[in-house]
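*Asks:* Provided below: coords_25.txt, containing compact mmCIF, C-alpha atoms.
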# COMPACT_ATOMS: atom_id res chain seq x y z
CA MET A 1 6.41 121.95 34.39
CA ASN A 2 5.60 119.08 32.07
CA ASP A 3 2.45 116.94 32.03
CA ASP A 4 4.07 114.05 33.85
CA ARG A 5 5.22 116.19 36.77
CA LEU A 6 1.84 117.91 36.93
CA ASN A 7 0.21 114.51 36.99
CA ALA A 8 2.51 113.34 39.77
CA LEU A 9 1.76 116.47 41.79
CA LEU A 10 -1.94 115.87 41.26
CA ARG A 11 -1.48 112.37 42.56
CA LEU A 12 0.13 113.80 45.68
CA ALA A 13 -2.76 116.23 46.04
CA ILE A 14 -5.23 113.38 45.88
CA GLU A 15 -3.15 111.40 48.36
CA ALA A 16 -3.04 114.38 50.71
CA GLU A 17 -6.83 114.57 50.67
CA ALA A 18 -6.83 111.37 52.66
CA LEU A 19 -5.19 113.16 55.56
CA ASP A 20 -8.32 115.18 56.14
CA ALA A 21 -10.58 112.17 56.05
CA PRO A 22 -11.97 111.28 59.47
CA ALA A 23 -9.84 108.72 61.24
CA PRO A 24 -10.70 106.81 64.37
CA ARG A 25 -9.04 107.98 67.56
CA ALA A 26 -7.43 104.95 69.02
CA VAL A 27 -5.67 106.68 71.88
CA PRO A 28 -7.21 108.88 74.56
CA ARG A 29 -6.59 112.58 74.08
CA ALA A 30 -4.42 113.36 77.05
CA ARG A 31 -2.19 110.38 76.51
CA LYS A 32 -1.79 111.04 72.83
CA GLY A 33 -1.04 114.67 73.39
CA ALA A 34 1.64 113.68 75.79
CA VAL A 35 3.07 111.31 73.22
CA ILE A 36 3.74 114.02 70.66
CA LEU A 37 5.22 116.34 73.23
CA ARG A 38 7.38 113.56 74.55
CA ARG A 39 8.49 112.77 71.00
CA ILE A 40 9.41 116.32 70.23
CA GLY A 41 11.08 116.61 73.59
CA GLY A 42 12.84 113.36 72.91
CA TRP A 43 14.31 114.74 69.72
CA MET A 44 15.65 117.66 71.59
CA ALA A 45 17.03 115.47 74.35
CA VAL A 46 18.80 113.30 71.84
CA ALA A 47 20.10 116.42 70.17
CA ALA A 48 21.36 117.82 73.42
CA ALA A 49 23.16 114.62 74.22
CA ALA A 50 24.92 114.80 70.90
CA THR A 51 26.21 118.29 71.39
CA LEU A 52 29.89 118.69 72.07
CA ALA A 53 31.07 122.13 73.07
CA PHE A 54 34.21 123.58 71.57
CA VAL A 55 34.66 120.82 69.06
CA VAL A 56 33.50 120.22 65.59
CA VAL A 57 30.48 118.02 65.50
CA LEU A 58 28.73 116.36 62.69
CA GLY A 59 25.15 115.22 62.39
CA ARG A 60 23.61 113.16 59.68
CA VAL A 61 20.25 114.27 58.46
CA GLY A 62 18.18 112.71 55.77
CA SER A 63 18.95 109.17 56.76
CA PRO A 64 15.97 108.06 58.81
CA GLY A 65 16.41 104.85 60.69
CA PRO A 66 13.84 102.58 59.15
CA THR A 67 14.21 101.06 55.73
CA PRO A 68 10.97 101.48 53.84
CA PRO A 69 9.97 98.39 51.91
CA LEU A 70 9.02 99.34 48.42
CA ALA A 71 7.82 97.98 45.11
CA THR A 72 4.22 97.64 46.09
CA SER A 73 2.52 97.78 42.74
CA ALA A 74 2.76 96.07 39.43
CA GLY A 75 4.84 97.26 36.55
CA PRO A 76 8.50 97.31 35.83
CA PRO A 77 10.35 98.39 38.95
CA THR A 78 12.68 101.31 38.91
CA VAL A 79 15.41 101.77 41.43
CA MET A 80 15.56 105.02 43.29
CA PRO A 81 19.18 106.02 42.89
CA ALA A 82 21.26 106.53 45.97
CA PRO A 83 23.60 109.46 46.22
CA THR A 84 26.49 108.49 44.03
CA LYS A 85 29.93 109.62 43.26
CA GLY A 86 28.66 111.36 40.15
CA GLU A 87 26.25 113.58 41.98
CA PRO A 88 27.43 117.00 42.98
CA ALA A 89 28.02 117.80 46.61
CA MET A 90 27.37 121.37 47.62
CA LEU A 91 28.30 123.20 50.75
CA LEU A 92 26.02 125.76 52.32
CA ALA A 93 27.64 127.53 55.22
CA LEU A 94 26.05 130.07 57.51
CA PHE A 95 28.31 132.24 59.59
CA ARG A 96 26.22 133.63 62.41
CA GLY A 97 26.77 136.45 64.80
CA ALA A 98 26.09 136.56 68.51
CA ASP A 99 22.39 137.28 67.90
CA SER A 100 22.18 134.35 65.45
CA ALA A 101 21.93 136.76 62.55
CA CYS A 102 23.45 135.50 59.35
CA GLU A 103 26.65 137.41 58.75
CA CYS A 104 27.82 135.60 55.69
CA VAL A 105 26.60 132.75 53.49
CA VAL A 106 28.74 130.48 51.39
CA TRP A 107 27.31 128.33 48.62
CA ARG A 108 29.62 126.39 46.42
CA GLU A 109 30.34 123.01 44.99
CA ALA A 110 32.61 120.81 47.01
CA HIS A 111 34.83 117.94 46.00
CA PHE A 112 35.62 115.29 48.51
CA GLY A 113 37.45 112.90 46.26
CA GLY A 114 34.22 111.65 44.78
CA ARG A 115 32.89 110.36 48.07
CA ALA A 116 29.25 110.53 49.10
CA ILE A 117 28.54 113.35 51.50
CA GLY A 118 27.81 110.86 54.24
CA ASP A 119 31.33 109.54 54.01
CA VAL A 120 33.00 112.88 54.49
CA ALA A 121 34.66 113.34 57.87
CA PRO A 122 33.37 116.14 60.10
CA SER A 123 36.66 117.93 60.12
CA GLU A 124 36.81 117.86 56.32
CA LEU A 125 33.34 119.34 56.01
CA VAL A 126 34.10 122.23 58.28
CA GLU A 127 37.67 122.71 57.16
CA ALA A 128 36.50 123.10 53.58
CA VAL A 129 34.42 126.09 54.61
CA LEU A 130 36.98 127.59 56.92
CA LYS A 131 39.12 128.22 53.88
CA ASP A 132 36.50 130.62 52.60
CA PRO A 133 37.05 134.37 52.98
CA CYS A 134 33.77 134.47 54.90
CA ALA A 135 35.46 132.74 57.77
CA ALA A 136 38.13 135.38 58.19
CA SER A 137 36.34 137.51 60.67
CA ARG A 138 32.61 136.87 60.45
CA GLY A 139 30.37 135.30 63.00
CA ASP A 140 30.48 133.44 66.27
CA LEU A 141 28.91 130.21 65.11
CA LEU A 142 29.32 128.28 61.91
CA LEU A 143 26.67 125.94 60.56
CA VAL A 144 27.77 123.89 57.56
CA VAL A 145 25.30 121.86 55.57
CA GLY A 146 26.62 119.52 52.93
CA LEU A 147 23.99 118.60 50.38
CA GLN A 148 24.12 115.89 47.78
CA GLY A 149 21.56 114.85 45.25
CA PRO A 150 20.63 115.12 41.61
CA ARG A 151 21.58 118.53 40.28
CA GLU A 152 17.98 119.38 39.46
CA HIS A 153 17.08 118.90 43.13
CA LEU A 154 19.67 121.34 44.38
CA PRO A 155 19.35 125.12 44.36
CA PRO A 156 20.44 126.11 40.87
CA THR A 157 21.56 129.65 41.61
CA GLN A 158 23.14 131.66 44.37
CA GLU A 159 19.82 133.37 44.87
CA ALA A 160 18.04 130.05 45.29
CA ALA A 161 20.73 128.98 47.73
CA ARG A 162 20.15 132.16 49.71
CA VAL A 163 16.46 131.25 49.94
CA LEU A 164 17.45 127.88 51.35
CA ALA A 165 19.92 129.57 53.68
CA ASN A 166 17.22 131.89 54.96
CA CYS A 167 14.94 128.96 55.63
CA LEU A 168 17.71 127.15 57.49
CA ALA A 169 18.69 130.24 59.40
CA THR A 170 15.14 130.87 60.56
CA GLY A 171 14.55 127.27 61.45
CA THR A 172 17.73 126.75 63.40
CA ASP A 173 18.52 130.12 64.92
CA HIS A 174 17.82 128.83 68.41
CA CYS A 175 19.89 125.68 68.04
CA GLY A 176 23.42 126.81 68.58
CA GLU A 177 25.75 123.85 68.13
CA ASP A 178 22.99 121.37 68.82
CA VAL A 179 23.21 119.00 65.87
CA GLY A 180 19.87 117.29 66.42
CA CYS A 181 18.11 120.60 66.82
CA ASN A 182 19.68 121.86 63.61
CA GLY A 183 18.59 118.68 61.86
CA ALA A 184 14.99 118.99 63.01
CA GLY A 185 14.94 122.65 62.10
CA ALA A 186 16.18 121.85 58.63
CA ALA A 187 13.58 119.15 58.03
CA SER A 188 11.13 121.38 56.26
CA CYS A 189 13.76 123.30 54.30
CA ILE A 190 15.66 120.61 52.47
CA PRO A 191 14.33 119.65 49.07
CA ALA A 192 13.12 116.11 48.65
CA GLY A 193 15.70 113.66 47.48
CA VAL A 194 18.65 115.55 48.85
CA SER A 195 20.86 113.95 51.48
CA ILE A 196 22.52 116.28 53.90
CA ALA A 197 25.05 116.31 56.67
CA THR A 198 25.39 119.13 59.13
CA GLY A 199 28.36 120.31 61.07
CA THR A 200 28.73 123.14 63.54
CA LEU A 201 31.63 124.99 65.02
CA ALA A 202 31.80 127.60 67.72
CA MET A 203 33.96 130.11 65.90
CA ASN A 204 34.88 132.12 68.94
CA THR A 205 36.58 129.08 70.40
CA ARG A 206 38.84 128.51 67.44
CA PRO A 207 42.47 128.30 68.34
CA MET B 1 -7.39 131.86 73.30
CA GLY B 2 -11.08 132.42 72.82
CA GLU B 3 -12.05 129.12 71.29
CA GLU B 4 -11.37 125.69 72.68
CA PRO B 5 -9.13 123.85 70.23
CA PRO B 6 -11.23 120.66 70.20
CA ASN B 7 -14.13 122.61 68.74
CA ALA B 8 -12.13 124.66 66.32
CA SER B 9 -11.93 124.06 62.61
CA GLN B 10 -8.70 122.75 61.22
CA ALA B 11 -8.10 126.10 59.55
CA ALA B 12 -8.48 127.91 62.86
CA LEU B 13 -6.20 125.42 64.56
CA ALA B 14 -3.64 125.92 61.82
CA VAL B 15 -3.61 129.65 62.43
CA MET B 16 -3.09 129.07 66.15
CA ALA B 17 -0.47 126.38 65.59
CA ALA B 18 1.41 128.67 63.23
CA ARG B 19 1.82 130.97 66.22
CA ALA B 20 3.32 128.07 68.16
CA ASP B 21 0.16 127.40 70.15
CA ARG B 22 0.90 123.96 71.55
CA ARG B 23 -2.69 123.13 72.40
CA ALA B 24 -3.76 123.79 68.85
CA PHE B 25 -0.82 121.79 67.55
CA ASP B 26 -1.73 118.89 69.82
CA GLU B 27 -5.29 118.97 68.59
CA LEU B 28 -4.07 118.87 65.00
CA HIS B 29 -1.95 115.90 65.98
CA GLN B 30 -5.01 114.25 67.45
CA ARG B 31 -6.93 114.72 64.26
CA LEU B 32 -4.26 113.88 61.70
CA SER B 33 -1.78 111.46 63.20
CA ALA B 34 -3.68 108.27 62.44
CA SER B 35 -4.32 109.37 58.87
CA LEU B 36 -0.66 110.24 58.35
CA ARG B 37 0.50 106.89 59.62
CA ALA B 38 -2.05 105.12 57.43
CA LEU B 39 -0.93 107.12 54.43
CA LEU B 40 2.69 106.17 55.01
CA GLU B 41 1.75 102.54 55.42
CA ARG B 42 -0.01 102.69 52.07
CA ARG B 43 3.34 103.71 50.65
CA GLY B 44 4.75 100.43 51.83
CA LEU B 45 6.16 101.25 55.24
CA THR B 46 5.61 98.88 58.11
CA PRO B 47 3.65 100.30 61.07
CA PRO B 48 6.81 100.95 63.13
CA GLU B 49 8.49 102.59 60.15
CA ALA B 50 5.43 104.72 59.49
CA GLU B 51 5.33 105.69 63.15
CA GLU B 52 8.97 106.70 63.09
CA LEU B 53 8.73 108.75 59.92
CA ALA B 54 5.48 110.36 61.05
CA ALA B 55 7.12 111.36 64.33
CA ARG B 56 9.89 113.04 62.41
CA ALA B 57 7.38 114.84 60.23
CA TRP B 58 5.52 116.09 63.31
CA ALA B 59 8.75 117.25 64.86
CA GLY B 60 9.60 119.13 61.69
CA ALA B 61 6.14 120.68 61.57
CA TRP B 62 6.41 121.82 65.18
CA GLU B 63 9.81 123.32 64.51
CA ALA B 64 8.35 125.16 61.53
CA CYS B 65 5.52 126.51 63.67
CA THR B 66 7.83 127.69 66.42
CA ARG B 67 10.07 129.42 63.90
CA ALA B 68 7.19 131.05 62.00
CA ARG B 69 8.00 129.13 58.86
CA TYR B 70 4.53 127.73 58.38
CA ASP B 71 2.11 130.19 56.81
CA PRO B 72 -1.49 128.95 57.01
CA ARG B 73 -2.49 131.35 54.26
CA ARG B 74 -0.36 129.41 51.80
CA ALA B 75 -1.29 125.85 52.63
CA ALA B 76 -3.58 123.87 54.87
CA PHE B 77 -1.78 122.38 57.82
CA SER B 78 -2.55 118.86 56.64
CA THR B 79 -0.92 119.60 53.29
CA PHE B 80 2.10 121.16 54.99
CA LEU B 81 2.49 118.10 57.19
CA PHE B 82 2.03 115.87 54.17
CA ALA B 83 4.76 117.73 52.28
CA ILE B 84 7.22 117.35 55.14
CA ALA B 85 6.43 113.64 55.45
CA HIS B 86 6.69 113.19 51.70
CA ASN B 87 10.09 114.86 51.54
CA LEU B 88 11.33 112.78 54.46
CA TRP B 89 10.03 109.67 52.72
CA VAL B 90 11.83 110.56 49.50
CA THR B 91 15.03 111.26 51.35
CA SER B 92 14.75 107.98 53.20
CA LEU B 93 14.53 106.17 49.88
CA ARG B 94 17.75 107.73 48.75
CA ALA B 95 19.45 107.07 52.05
CA ARG B 96 18.61 103.39 51.89
CA PRO B 97 19.05 102.39 48.26
CA GLY B 98 18.32 99.01 46.86
CA PRO B 99 14.61 98.29 46.82
CA ALA B 100 12.79 99.01 43.62
CA LEU B 101 10.10 101.61 43.17
CA SER B 102 7.11 101.27 40.92
CA PRO B 103 6.90 103.95 38.22
CA ASP B 104 4.04 105.61 40.07
CA LEU B 105 5.96 105.83 43.32
CA LEU B 106 9.06 107.02 41.51
CA ALA B 107 7.06 109.76 39.77
CA GLY B 108 5.61 110.76 43.13
CA ALA B 109 9.07 110.87 44.62
CA GLU B 110 10.28 113.11 41.80
CA ALA B 111 7.21 115.34 41.80
CA THR B 112 8.50 117.68 44.45
CA ALA B 113 12.12 117.56 43.31
CA GLY B 114 13.90 120.69 44.38
CA MET B 115 10.99 121.94 46.45
CA PRO B 116 11.36 122.55 50.18
CA ALA B 117 8.29 121.49 52.12
CA PRO B 118 6.65 124.95 52.33
CA GLU B 119 6.81 125.35 48.58
CA ALA B 120 5.72 121.79 47.88
CA ALA B 121 2.84 122.24 50.30
CA GLU B 122 1.74 125.40 48.55
CA ALA B 123 1.76 123.70 45.15
CA ILE B 124 -0.04 120.61 46.41
CA ASP B 125 -2.57 122.71 48.28
CA ALA B 126 -3.29 124.74 45.16
CA LEU B 127 -3.93 121.55 43.24
CA ARG B 128 -6.25 120.32 45.98
CA ALA B 129 -8.17 123.57 45.67
CA VAL B 130 -8.33 123.15 41.90
CA LEU B 131 -9.65 119.61 42.23
CA ARG B 132 -12.31 120.84 44.67
CA GLY B 133 -13.29 123.58 42.23
CA ASP B 134 -12.21 126.32 44.64
CA LEU B 135 -9.40 127.64 42.50
CA GLY B 136 -8.99 128.21 38.76
CA ASP B 137 -11.59 128.21 36.05
CA LEU B 138 -11.62 124.52 35.28
CA THR B 139 -14.89 122.93 34.30
CA GLU B 140 -16.21 119.95 36.19
CA ARG B 141 -15.29 117.71 33.27
CA GLU B 142 -11.76 119.05 33.25
CA ARG B 143 -11.40 118.44 36.97
CA LEU B 144 -12.69 114.91 36.55
CA ALA B 145 -10.29 114.32 33.66
CA LEU B 146 -7.40 115.49 35.83
CA ARG B 147 -8.41 113.32 38.74
CA LEU B 148 -8.82 110.24 36.55
CA SER B 149 -5.53 110.88 34.80
CA ALA B 150 -3.72 111.28 38.11
CA GLN B 151 -5.23 108.00 39.24
CA GLY B 152 -3.76 106.28 36.22
CA SER B 153 -6.56 106.31 33.70
CA GLY B 154 -5.68 106.68 30.04
CA ASP B 155 -7.53 108.74 27.47
CA ARG B 156 -9.80 105.83 26.59
CA GLU B 157 -10.93 105.30 30.18
CA ILE B 158 -11.38 109.01 30.71
CA ALA B 159 -13.42 109.13 27.52
CA GLU B 160 -15.70 106.38 28.81
CA ARG B 161 -16.28 108.24 32.06
CA LEU B 162 -16.93 111.52 30.30
CA GLY B 163 -19.00 109.92 27.53
CA VAL B 164 -16.91 111.44 24.78
CA ALA B 165 -14.44 110.30 22.17
CA PRO B 166 -10.87 109.57 23.30
CA SER B 167 -9.59 112.48 21.26
CA THR B 168 -12.01 114.79 23.04
CA ALA B 169 -10.96 113.37 26.39
CA HIS B 170 -7.34 114.01 25.48
CA ALA B 171 -8.14 117.59 24.49
CA THR B 172 -10.07 118.11 27.71
CA LYS B 173 -7.13 116.85 29.72
CA GLN B 174 -4.67 119.05 27.87
CA ALA B 175 -6.88 122.09 28.37
CA ALA B 176 -7.01 121.25 32.06
CA TYR B 177 -3.22 120.98 32.25
CA ALA B 178 -2.89 124.37 30.57
CA LYS B 179 -5.24 125.91 33.13
CA LEU B 180 -3.33 124.21 35.93
CA ARG B 181 -0.10 125.72 34.71
CA ARG B 182 -1.72 129.14 34.71
CA VAL B 183 -2.94 128.64 38.26
CA LEU B 184 0.50 127.57 39.44
CA GLY B 185 2.10 130.36 37.44
CA HIS B 186 -0.09 132.96 39.10
CA LEU B 187 1.05 131.62 42.44
CA GLY B 188 4.67 131.68 41.30
CA LEU B 189 4.89 127.92 41.68
CA GLY B 190 5.71 126.72 38.23
CA GLU B 191 9.35 127.42 37.72
CA GLY B 192 11.34 125.79 40.47
CA PRO B 193 12.82 126.92 43.75
CA GLU B 194 14.64 129.95 42.39
CA ARG B 195 11.48 131.69 41.27
CA ASP B 196 11.21 134.57 43.72
CA GLY B 197 13.09 133.94 46.91
CA ARG B 198 10.11 134.67 49.10
CA LEU B 199 10.33 131.61 51.30
CA GLY B 200 13.07 132.97 53.42
CA GLU B 201 12.76 136.66 52.81
Would you write the structure of this file as structure tokens?

*Replies:*
Amino acid sequence: MNDDRLNALLRLAIEAEALDAPAPRAVPRARKGAVILRRIGGWMAVAAAATLAFVVVLGRVGSPGPTPPLATSAGPPTVMPAPTKGEPAMLLALFRGADSACECVVWREAHFGGRAIGDVAPSELVEAVLKDPCAASRGDLLLVVGLQGPREHLPPTQEAARVLANCLATGTDHCGEDVGCNGAGAASCIPAGVSIATGTLAMNTRP
Amino acid sequence: MGEEPPNASQAALAVMAARADRRAFDELHQRLSASLRALLERRGLTPPEAEELAARAWAGAWEACTRARYDPRRAAFSTFLFAIAHNLWVTSLRARPGPALSPDLLAGAEATAGMPAPEAAEAIDALRAVLRGDLGDLTERERLALRLSAQGSGDREIAERLGVAPSTAHATKQAAYAKLRRVLGHLGLGEGPERDGRLGE
């Protein structure tokens, strides 16, 4: 880890200190507590509404609604690059059994004609994985996560990908085909700067 | 639950929240939500945008707690929440390209490259402990040099604060970096996400 990255991490550490600083409570306790529960519940409700049984579904994660305004300090501005055609897209697929246990994990580069992962059709995302030997007989439920970002942000080895897969599996093992639930569960697993799209398929309903 | 959450320390609440104790989680939300929103606003988000991103971070944190993916022994809850929010913020920048980032913000965005939130939180929490003097064998001058450097001071400004020559300030800073690397190395946090596979094992 070079000096610049250490320095940037230190800056984050200093920034994080502010979280523990006392802050005024503007909202009464009971009401505020209800707000967070409602929010979390709201996520799940939205997720449930998005679920389609027996069909391939696709959810976009990593594309929050608001557009953050930037460039707040002096100095030459630098543009944060968007996912581009040149960046690798990787597929991480988890084939899960009836008890949500991971039966088989696929991690490989994917080529979608140079398109950004967000432009790939749901059927393409899942179809690409269904060609894998893993899909032959393993699992009841398939979770496919397409990831795209700078290569240094993506898991560099199969072993690193398995770590990510384990995190995803643990975080989403209650979600079934619920796209929103899978997205929320993946929130703390996905490395910063990586855009993802998730797709699910109930394998036991395949024709 | 023996202790009422409102009277508990944040560390105690984190332990309870990590076991999916909703009362403890709500109390943490009470204590940290305003600070998180303020922090995100300082990064340039409007209040509604900060509210939205913070809500997503809280949802992610709750999911992590319910799935036993937050370990309070590895990072304070506030740091874990911060790491989730930071990663969401970085991803949002990439999802909505166009606006320019200052070098400082860009460096911050790249700082946790390749790190899932639990790992980023552990690294950031270790650095917080170092800056407090709770971890590592850094001298007070070295910690001050690190803090000043992270806040953008050059060797000359650090030298003025320390009352030494710029070359000495530079050496102090470098010695501090070396100690930091050792601290992170001992925690297995220096070499990227592939280092040991423990996050999901």

*Asks:* What would the list of residues within 9 Å of (13.4, 116.7, 49.4) (file frame) look like as a PDB file with C-alpha atoms, in the frame of the given file, if only C-alpha atoms are what count?

*Replies:*
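So out-v1.pdb came out as:
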ATOM      1  CA  GLY A  62      18.180 112.710  55.770  1.00  0.00           C
ATOM      2  CA  HIS A 153      17.080 118.900  43.130  1.00  0.00           C
ATOM      3  CA  ALA A 187      13.580 119.150  58.030  1.00  0.00           C
ATOM      4  CA  SER A 188      11.130 121.380  56.260  1.00  0.00           C
ATOM      5  CA  CYS A 189      13.760 123.300  54.300  1.00  0.00           C
ATOM      6  CA  ILE A 190      15.660 120.610  52.470  1.00  0.00           C
ATOM      7  CA  PRO A 191      14.330 119.650  49.070  1.00  0.00           C
ATOM      8  CA  ALA A 192      13.120 116.110  48.650  1.00  0.00           C
ATOM      9  CA  GLY A 193      15.700 113.660  47.480  1.00  0.00           C
ATOM     10  CA  VAL A 194      18.650 115.550  48.850  1.00  0.00           C
ATOM     11  CA  SER A 195      20.860 113.950  51.480  1.00  0.00           C
TER      12      SER A 195
ATOM     13  CA  ILE B  84       7.220 117.350  55.140  1.00  0.00           C
ATOM     14  CA  HIS B  86       6.690 113.190  51.700  1.00  0.00           C
ATOM     15  CA  ASN B  87      10.090 114.860  51.540  1.00  0.00           C
ATOM     16  CA  LEU B  88      11.330 112.780  54.460  1.00  0.00           C
ATOM     17  CA  TRP B  89      10.030 109.670  52.720  1.00  0.00           C
ATOM     18  CA  VAL B  90      11.830 110.560  49.500  1.00  0.00           C
ATOM     19  CA  THR B  91      15.030 111.260  51.350  1.00  0.00           C
ATOM     20  CA  ALA B 109       9.070 110.870  44.620  1.00  0.00           C
ATOM     21  CA  GLU B 110      10.280 113.110  41.800  1.00  0.00           C
ATOM     22  CA  THR B 112       8.500 117.680  44.450  1.00  0.00           C
ATOM     23  CA  ALA B 113      12.120 117.560  43.310  1.00  0.00           C
ATOM     24  CA  GLY B 114      13.900 120.690  44.380  1.00  0.00           C
ATOM     25  CA  MET B 115      10.990 121.940  46.450  1.00  0.00           C
ATOM     26  CA  PRO B 116      11.360 122.550  50.180  1.00  0.00           C
ATOM     27  CA  ALA B 117       8.290 121.490  52.120  1.00  0.00           C
TER      28      ALA B 117
END

*Asks:* Quote the spacing between CA of Ile158 in chain B and CA of Glu17 in chain A in Å to one decimal place.

*Replies:* 21.2 Å

*Asks:* Enclose all atoms of range 153-161 of chain A listed in the file in an axis-aligned box, grow every side by 8 Å, and hand back centre and edge lengths in Å to one decimal, as JSON.

*Replies:*
{"center_x": 20.1, "center_y": 126.1, "center_z": 44.3, "size_x": 22.1, "size_y": 30.5, "size_z": 22.9}

*Asks:* Dig up all the protein and nucleic acid residues within 10 Å of (-15.7, 120.9, 28.1) in the file frame, using all atoms listed in the file, and format them as a tab-separated table (two decimals) with C-alpha atoms, in the coordinates of the input.

*Replies:*
chain	number	residue	atom	x	y	z
B	138	LEU	CA	-11.62	124.52	35.28
B	139	THR	CA	-14.89	122.93	34.30
B	140	GLU	CA	-16.21	119.95	36.19
B	141	ARG	CA	-15.29	117.71	33.27
B	142	GLU	CA	-11.76	119.05	33.25
B	162	LEU	CA	-16.93	111.52	30.30
B	168	THR	CA	-12.01	114.79	23.04
B	169	ALA	CA	-10.96	113.37	26.39
B	171	ALA	CA	-8.14	117.59	24.49
B	172	THR	CA	-10.07	118.11	27.71
B	173	LYS	CA	-7.13	116.85	29.72
B	175	ALA	CA	-6.88	122.09	28.37
B	176	ALA	CA	-7.01	121.25	32.06

*Asks:* How far is it from CA of Leu28 in chain B to CA of Gly60 in chain B, in Å with one decimal?

*Replies:*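 Distance between the two atoms: 14.1 Å.
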
*Asks:* So which one's closest to chain A, B:Ile124, B:Leu189, B:Leu184, B:Ala165? Using all atoms listed in the file, please.

*Replies:*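 Smallest distance to chain A is found for B:Ile124.
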
*Asks:* Hey, can you check how far CA of Ala85 in chain B sits from CA of Thr200 in chain A?

*Replies:*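 Rounded to one decimal, the two atoms are 25.6 Å apart.
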